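Worksheet: one structure, shown below.
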Amino acid sequence: MADLKLGYNTGYWSAGPPSGALEAIQEAEKLGFNSIWTAEAYGSDALTPLSWWGAHTESVQLGTGIMQISARTPAATAMASLTMDHLSNGRFICGIGASGPQVVEGDGTAKSTRDRSPAPGSTSKSCELSGPARPP
């Protein structure tokens, strides 16, 4: 049987971190938790709290569950992830995803290409990321 690994999820927050979050994370690390996780929701990014908590811990892994694909460019995601990994001495775990409809559909940054014909020679159907809708 594989070793059991425990993760501590800090949940979503918008107006500020939950009271006692840093202390809870530090206690989880003392108790042997393997990882701590946070997510992005409208109003808060995932990387800033992990940076703060990573500066106050030594061994616990720092994970995003998830960073929103539509919130930043692929290059910005890669650069921020690499920076987090360097600053945490290799403790960063990057989870990315589409997020919820309140974020993705609300501002028009992700448009489904399911109903359009693929480009000639292409067989994939994917999600096209673009900026705000532009007039024709």
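Residue numbers start at 1 in each chain; chains themselves are named A, B, ... in the order of the structure tokens; ligands are numbered from 1 in the order shown.
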
Selection: 8 Å around Thr57 in chain A, only C-alpha atoms, excl. self and same-chain fewer than 3 positions, as a JSON list (two decimals) with N, CA and C atoms, in the first residue's frame:
[["chain", "number", "residue", "atom", "x", "y", "z"],
["A", 26, "GLN", "N", 0.75, 26.52, 9.05],
["A", 26, "GLN", "CA", 1.96, 26.18, 9.80],
["A", 26, "GLN", "C", 1.73, 24.95, 10.69],
["A", 29, "GLU", "N", 1.74, 21.83, 8.53],
["A", 29, "GLU", "CA", 3.11, 21.43, 8.21],
["A", 29, "GLU", "C", 3.74, 20.69, 9.39],
["A", 53, "TRP", "N", 2.39, 32.17, 2.10],
["A", 53, "TRP", "CA", 2.43, 30.99, 2.96],
["A", 53, "TRP", "C", 3.72, 30.20, 2.75],
["A", 54, "GLY", "N", 4.23, 30.18, 1.53],
["A", 54, "GLY", "CA", 5.49, 29.50, 1.26],
["A", 54, "GLY", "C", 6.66, 30.15, 1.97],
["A", 60, "VAL", "N", 6.36, 21.92, 3.29],
["A", 60, "VAL", "CA", 5.07, 21.56, 2.70],
["A", 60, "VAL", "C", 5.02, 22.04, 1.25]]

task: Using only C-alpha atoms, determine which residues lie at most 7 Å from range 88-95 of chain A, disregarding the query and same-chain residues fewer than 4 positions distant; provide the list as a PyMOL selection string.
output: chain A and resi 54+61-67+81+84

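Computed from the coordinates, the CA of Gly43 in chain A to CA of Glu58 in chain A distance equals 27.7 Å.
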
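Minimum distance to Thr10 in chain A across A:Leu50, A:Met79, A:Ala55, A:Leu31 (counting only C-alpha atoms) occurs at A:Leu50.
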
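Restricting the calculation to only C-alpha atoms, the smallest distance between Ala24 in chain A and any of A:Ile96, A:Ala80, A:Ile36, A:Pro74 is found for A:Ile36.
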
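Here CA of Asp85 in chain A and CA of Gly32 in chain A stand 20.6 Å from one another.
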
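You will find CA of Asn9 in chain A at 13.5 Å from CA of Glu23 in chain A.
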
Exercise: range 17-20 of chain A partners within 10 Å, only C-alpha atoms, chain neighbours under 6 positions left out, as an mmCIF file with all heavy atoms, in the first residue's frame:
data_model
loop_
_atom_site.group_PDB
_atom_site.id
_atom_site.type_symbol
_atom_site.label_atom_id
_atom_site.label_comp_id
_atom_site.auth_asym_id
_atom_site.auth_seq_id
_atom_site.Cartn_x
_atom_site.Cartn_y
_atom_site.Cartn_z
ATOM 1 N N THR A 10 -7.151 25.481 1.588
ATOM 2 C CA THR A 10 -7.521 26.730 2.248
ATOM 3 C C THR A 10 -8.844 27.286 1.751
ATOM 4 O O THR A 10 -9.372 28.217 2.338
ATOM 5 C CB THR A 10 -6.428 27.802 2.035
ATOM 6 O OG1 THR A 10 -6.315 28.085 0.645
ATOM 7 C CG2 THR A 10 -5.106 27.329 2.599
ATOM 8 N N GLY A 11 -9.383 26.735 0.670
ATOM 9 C CA GLY A 11 -10.671 27.175 0.150
ATOM 10 C C GLY A 11 -10.589 28.451 -0.662
ATOM 11 O O GLY A 11 -9.515 28.953 -0.973
ATOM 12 N N SER A 44 -9.684 36.924 -6.135
ATOM 13 C CA SER A 44 -8.411 36.524 -5.543
ATOM 14 C C SER A 44 -7.667 35.575 -6.472
ATOM 15 O O SER A 44 -8.267 34.660 -7.033
ATOM 16 C CB SER A 44 -8.650 35.834 -4.200
ATOM 17 O OG SER A 44 -7.434 35.377 -3.657
ATOM 18 N N PRO A 49 -1.322 34.257 -2.305
ATOM 19 C CA PRO A 49 -1.357 33.632 -0.980
ATOM 20 C C PRO A 49 -0.332 32.504 -0.837
ATOM 21 O O PRO A 49 0.291 32.360 0.215
ATOM 22 C CB PRO A 49 -2.782 33.089 -0.834
ATOM 23 C CG PRO A 49 -3.530 33.487 -2.032
ATOM 24 C CD PRO A 49 -2.617 34.173 -2.983
#

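Of the listed residues A:Ala71, A:Leu4, A:Ala76, A:Leu82, the one whose atoms come nearest to Asn34 in chain A is A:Leu4, with distances taken using only C-alpha atoms.
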
message: Could you check the closest approach to Arg72 in chain A for each of A:Ser51, A:Ala21, A:Gly97, A:His86 and tell me which residue wins, using only C-alpha atoms?
response: A:Gly97

- prompt: If you run DSSP on the backbone, which residues of range 23-107 of chain A are alpha helix (DSSP H), as a VMD selection string?
  reply: chain A and resid 23 to 30 47 to 55 74 to 87 101 to 104

What does the file look like for those residues with C-alpha atoms, as a PDB file, in the first residue's frame?
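Saved as result37.pdb:
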ATOM      1  CA  GLU A  23      -1.386  29.573  11.634  1.00  0.00           C
ATOM      2  CA  ALA A  24      -3.463  26.645  10.340  1.00  0.00           C
ATOM      3  CA  ILE A  25      -1.020  26.094   7.471  1.00  0.00           C
ATOM      4  CA  GLN A  26       1.962  26.178   9.798  1.00  0.00           C
ATOM      5  CA  GLU A  27       0.238  23.673  12.102  1.00  0.00           C
ATOM      6  CA  ALA A  28      -0.576  21.410   9.138  1.00  0.00           C
ATOM      7  CA  GLU A  29       3.112  21.427   8.207  1.00  0.00           C
ATOM      8  CA  LYS A  30       4.101  20.544  11.805  1.00  0.00           C
ATOM      9  CA  LEU A  47      -0.266  32.548  -6.453  1.00  0.00           C
ATOM     10  CA  THR A  48      -0.098  35.501  -4.067  1.00  0.00           C
ATOM     11  CA  PRO A  49      -1.357  33.632  -0.980  1.00  0.00           C
ATOM     12  CA  LEU A  50       0.853  30.640  -1.817  1.00  0.00           C
ATOM     13  CA  SER A  51       3.864  32.968  -2.035  1.00  0.00           C
ATOM     14  CA  TRP A  52       3.074  34.372   1.392  1.00  0.00           C
ATOM     15  CA  TRP A  53       2.434  30.992   2.962  1.00  0.00           C
ATOM     16  CA  GLY A  54       5.488  29.496   1.262  1.00  0.00           C
ATOM     17  CA  ALA A  55       7.667  32.198   2.830  1.00  0.00           C
ATOM     18  CA  PRO A  74       0.193  30.867 -21.270  1.00  0.00           C
ATOM     19  CA  ALA A  75       3.528  32.709 -21.067  1.00  0.00           C
ATOM     20  CA  ALA A  76       2.475  34.580 -17.912  1.00  0.00           C
ATOM     21  CA  THR A  77       1.287  31.303 -16.356  1.00  0.00           C
ATOM     22  CA  ALA A  78       4.597  29.617 -17.162  1.00  0.00           C
ATOM     23  CA  MET A  79       6.695  32.521 -15.855  1.00  0.00           C
ATOM     24  CA  ALA A  80       4.705  32.832 -12.622  1.00  0.00           C
ATOM     25  CA  SER A  81       4.848  29.066 -12.084  1.00  0.00           C
ATOM     26  CA  LEU A  82       8.594  28.955 -12.647  1.00  0.00           C
ATOM     27  CA  THR A  83       9.092  31.874 -10.259  1.00  0.00           C
ATOM     28  CA  MET A  84       6.965  30.147  -7.592  1.00  0.00           C
ATOM     29  CA  ASP A  85       8.943  26.944  -8.050  1.00  0.00           C
ATOM     30  CA  HIS A  86      12.265  28.784  -7.690  1.00  0.00           C
ATOM     31  CA  LEU A  87      11.165  30.815  -4.658  1.00  0.00           C
ATOM     32  CA  PRO A 101     -18.753  29.866 -15.831  1.00  0.00           C
ATOM     33  CA  GLN A 102     -19.083  32.970 -13.656  1.00  0.00           C
ATOM     34  CA  VAL A 103     -15.463  33.803 -14.455  1.00  0.00           C
ATOM     35  CA  VAL A 104     -14.947  32.367 -17.939  1.00  0.00           C
TER      36      VAL A 104
END
